[in-house]
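A.B. asks: Let me give you the structure first, and then I'll get to my questions.
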Amino acid sequence: MGSCCTPDNSCSTGTVEISTATAVADSTSTVYAVSGMTCGHCKTAVTNSVSALDGVISVDVDVAAGLVTVTTGGEPDDAAITAAVDDAGYELTGRA
């Protein structure tokens, strides 16, 4: 569970919107289910952690639905994405 959130699930830090618009012919979008995300900081933490991986083109986090869409140049590295989500303090529970 992210430590940034207050008990009422409000965010204690500012939010940063990150968007990447890159068209790549061989890109693959994969949707993952992630538990523990409750606020904008959660979205930023997961986005930053997964975006840092090699081959990741873009990351779209839907906090309310608990979904993370990762667009990669080719097949995604599920183990690396799982580790990145874990490093951010959340749990990737599988592909959605």
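Residues are referred to by chain and number: the chain letter is A, B, ... according to the order shown in the structure tokens, the number counts from 1 in that chain, and ligands are numbered separately from 1 in the order shown.
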Where does DSSP see alpha helix (DSSP H) in segment 26-72 of chain A, if you list the residues as a PDB file with all heavy atoms, in the first residue's frame?

C.D. replies:
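Result file is selection.pdb:
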ATOM      1  N   GLY A  40      -3.764  10.187  -6.784  1.00  0.00           N
ATOM      2  CA  GLY A  40      -2.887  10.687  -7.837  1.00  0.00           C
ATOM      3  C   GLY A  40      -1.429  10.362  -7.609  1.00  0.00           C
ATOM      4  O   GLY A  40      -0.684  10.102  -8.558  1.00  0.00           O
ATOM      5  N   HIS A  41      -0.996  10.359  -6.352  1.00  0.00           N
ATOM      6  CA  HIS A  41       0.397  10.009  -6.067  1.00  0.00           C
ATOM      7  C   HIS A  41       0.660   8.562  -6.438  1.00  0.00           C
ATOM      8  O   HIS A  41       1.721   8.222  -6.957  1.00  0.00           O
ATOM      9  CB  HIS A  41       0.752  10.255  -4.594  1.00  0.00           C
ATOM     10  CG  HIS A  41       2.161   9.872  -4.287  1.00  0.00           C
ATOM     11  ND1 HIS A  41       2.484   8.634  -3.812  1.00  0.00           N
ATOM     12  CD2 HIS A  41       3.327  10.549  -4.414  1.00  0.00           C
ATOM     13  CE1 HIS A  41       3.801   8.555  -3.656  1.00  0.00           C
ATOM     14  NE2 HIS A  41       4.333   9.702  -4.015  1.00  0.00           N
ATOM     15  N   CYS A  42      -0.320   7.699  -6.174  1.00  0.00           N
ATOM     16  CA  CYS A  42      -0.193   6.283  -6.539  1.00  0.00           C
ATOM     17  C   CYS A  42       0.018   6.169  -8.056  1.00  0.00           C
ATOM     18  O   CYS A  42       0.887   5.433  -8.522  1.00  0.00           O
ATOM     19  CB  CYS A  42      -1.447   5.513  -6.149  1.00  0.00           C
ATOM     20  SG  CYS A  42      -1.849   5.549  -4.391  1.00  0.00           S
ATOM     21  N   LYS A  43      -0.792   6.919  -8.805  1.00  0.00           N
ATOM     22  CA  LYS A  43      -0.692   6.916 -10.260  1.00  0.00           C
ATOM     23  C   LYS A  43       0.702   7.357 -10.703  1.00  0.00           C
ATOM     24  O   LYS A  43       1.325   6.719 -11.545  1.00  0.00           O
ATOM     25  CB  LYS A  43      -1.756   7.853 -10.848  1.00  0.00           C
ATOM     26  CG  LYS A  43      -1.700   7.998 -12.351  1.00  0.00           C
ATOM     27  CD  LYS A  43      -2.810   8.905 -12.861  1.00  0.00           C
ATOM     28  CE  LYS A  43      -2.757   9.036 -14.375  1.00  0.00           C
ATOM     29  NZ  LYS A  43      -3.920   9.752 -14.902  1.00  0.00           N
ATOM     30  N   THR A  44       1.202   8.422 -10.109  1.00  0.00           N
ATOM     31  CA  THR A  44       2.519   8.945 -10.462  1.00  0.00           C
ATOM     32  C   THR A  44       3.617   7.946 -10.111  1.00  0.00           C
ATOM     33  O   THR A  44       4.539   7.719 -10.912  1.00  0.00           O
ATOM     34  CB  THR A  44       2.776  10.284  -9.745  1.00  0.00           C
ATOM     35  OG1 THR A  44       1.747  11.204 -10.136  1.00  0.00           O
ATOM     36  CG2 THR A  44       4.126  10.861 -10.108  1.00  0.00           C
ATOM     37  N   ALA A  45       3.525   7.330  -8.930  1.00  0.00           N
ATOM     38  CA  ALA A  45       4.557   6.381  -8.498  1.00  0.00           C
ATOM     39  C   ALA A  45       4.628   5.186  -9.451  1.00  0.00           C
ATOM     40  O   ALA A  45       5.722   4.779  -9.865  1.00  0.00           O
ATOM     41  CB  ALA A  45       4.267   5.913  -7.070  1.00  0.00           C
ATOM     42  N   VAL A  46       3.472   4.626  -9.817  1.00  0.00           N
ATOM     43  CA  VAL A  46       3.455   3.478 -10.724  1.00  0.00           C
ATOM     44  C   VAL A  46       3.918   3.900 -12.117  1.00  0.00           C
ATOM     45  O   VAL A  46       4.730   3.216 -12.747  1.00  0.00           O
ATOM     46  CB  VAL A  46       2.049   2.838 -10.774  1.00  0.00           C
ATOM     47  CG1 VAL A  46       1.953   1.796 -11.884  1.00  0.00           C
ATOM     48  CG2 VAL A  46       1.707   2.214  -9.427  1.00  0.00           C
ATOM     49  N   THR A  47       3.436   5.041 -12.596  1.00  0.00           N
ATOM     50  CA  THR A  47       3.826   5.532 -13.923  1.00  0.00           C
ATOM     51  C   THR A  47       5.339   5.724 -14.014  1.00  0.00           C
ATOM     52  O   THR A  47       5.973   5.254 -14.967  1.00  0.00           O
ATOM     53  CB  THR A  47       3.105   6.858 -14.251  1.00  0.00           C
ATOM     54  OG1 THR A  47       1.695   6.639 -14.237  1.00  0.00           O
ATOM     55  CG2 THR A  47       3.515   7.391 -15.613  1.00  0.00           C
ATOM     56  N   ASN A  48       5.924   6.388 -13.024  1.00  0.00           N
ATOM     57  CA  ASN A  48       7.368   6.647 -13.049  1.00  0.00           C
ATOM     58  C   ASN A  48       8.171   5.360 -12.984  1.00  0.00           C
ATOM     59  O   ASN A  48       9.166   5.203 -13.702  1.00  0.00           O
ATOM     60  CB  ASN A  48       7.766   7.579 -11.901  1.00  0.00           C
ATOM     61  CG  ASN A  48       7.268   8.993 -12.109  1.00  0.00           C
ATOM     62  OD1 ASN A  48       6.887   9.383 -13.206  1.00  0.00           O
ATOM     63  ND2 ASN A  48       7.252   9.770 -11.040  1.00  0.00           N
ATOM     64  N   SER A  49       7.770   4.438 -12.132  1.00  0.00           N
ATOM     65  CA  SER A  49       8.508   3.198 -11.953  1.00  0.00           C
ATOM     66  C   SER A  49       8.475   2.337 -13.219  1.00  0.00           C
ATOM     67  O   SER A  49       9.512   1.849 -13.676  1.00  0.00           O
ATOM     68  CB  SER A  49       7.946   2.424 -10.758  1.00  0.00           C
ATOM     69  OG  SER A  49       8.729   1.301 -10.478  1.00  0.00           O
ATOM     70  N   VAL A  50       7.294   2.171 -13.800  1.00  0.00           N
ATOM     71  CA  VAL A  50       7.160   1.327 -14.993  1.00  0.00           C
ATOM     72  C   VAL A  50       7.753   2.024 -16.219  1.00  0.00           C
ATOM     73  O   VAL A  50       8.388   1.381 -17.058  1.00  0.00           O
ATOM     74  CB  VAL A  50       5.685   0.917 -15.222  1.00  0.00           C
ATOM     75  CG1 VAL A  50       5.524   0.134 -16.518  1.00  0.00           C
ATOM     76  CG2 VAL A  50       5.168   0.095 -14.039  1.00  0.00           C
ATOM     77  N   SER A  51       7.607   3.342 -16.314  1.00  0.00           N
ATOM     78  CA  SER A  51       8.152   4.091 -17.459  1.00  0.00           C
ATOM     79  C   SER A  51       9.669   3.984 -17.557  1.00  0.00           C
ATOM     80  O   SER A  51      10.232   4.126 -18.635  1.00  0.00           O
ATOM     81  CB  SER A  51       7.769   5.568 -17.365  1.00  0.00           C
ATOM     82  OG  SER A  51       6.386   5.734 -17.531  1.00  0.00           O
TER      83      SER A  51
END

A.B. asks: Quick one: contact table of segment 36-66 of chain A to segment 71-75 of chain A, 9 Å max, nearest atom pair and distance in Å to one decimal per residue, counting only C-alpha atoms, chain and number order, as a tab-separated table?

C.D. replies:
residue	atom	partner	partner_atom	distance
A:Asp54	CA	A:Thr72	CA	8.7
A:Gly55	CA	A:Thr72	CA	5.4
A:Val56	CA	A:Thr72	CA	4.4
A:Ile57	CA	A:Thr72	CA	5.2
A:Ser58	CA	A:Thr71	CA	5.1
A:Val59	CA	A:Thr71	CA	6.3
A:Asp60	CA	A:Thr71	CA	8.5

A.B. asks: Work out how far apart atom CA of Ala52 of chain A and atom CA of Gly89 of chain A are and give it in Å to one decimal.

C.D. replies: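 A separation of 15.3 Å between them.
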
A.B. asks: Which neighbours of Tyr32 of chain A fall inside 10 Å, counting only C-alpha atoms, when residues of the same chain fewer than 3 positions from it are skipped, and could you give them as a ChimeraX atom specification?

C.D. replies: /A:29,35,61,66-70,78,81-82,92-96

A.B. asks: Could you work out how far atom CA of Ser27 of chain A lies from atom CA of Tyr90 of chain A, giving the answer in Å with one decimal?

C.D. replies: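 Between these atoms lies a distance of 25.2 Å.
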
A.B. asks: Could you jot down the atom CA of Glu91 of chain A to atom CA of Met37 of chain A separation for me, Å, one decimal place?

C.D. replies: 8.9 Å

A.B. asks: Restricting the calculation to only C-alpha atoms, which member of A:Leu53, A:Ala64, A:Cys39, A:Ala33 is positioned closest to Asp77 of chain A?

C.D. replies: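 Among A:Leu53, A:Ala64, A:Cys39, A:Ala33, it is A:Leu53 that comes nearest to Asp77 of chain A.
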
A.B. asks: Looking only at strand (DSSP E or B) from DSSP on the backbone, list the matching residues of segment 18-68 of chain A as number ranges by chain.

C.D. replies: A: 27-35, 56-62, 67-68
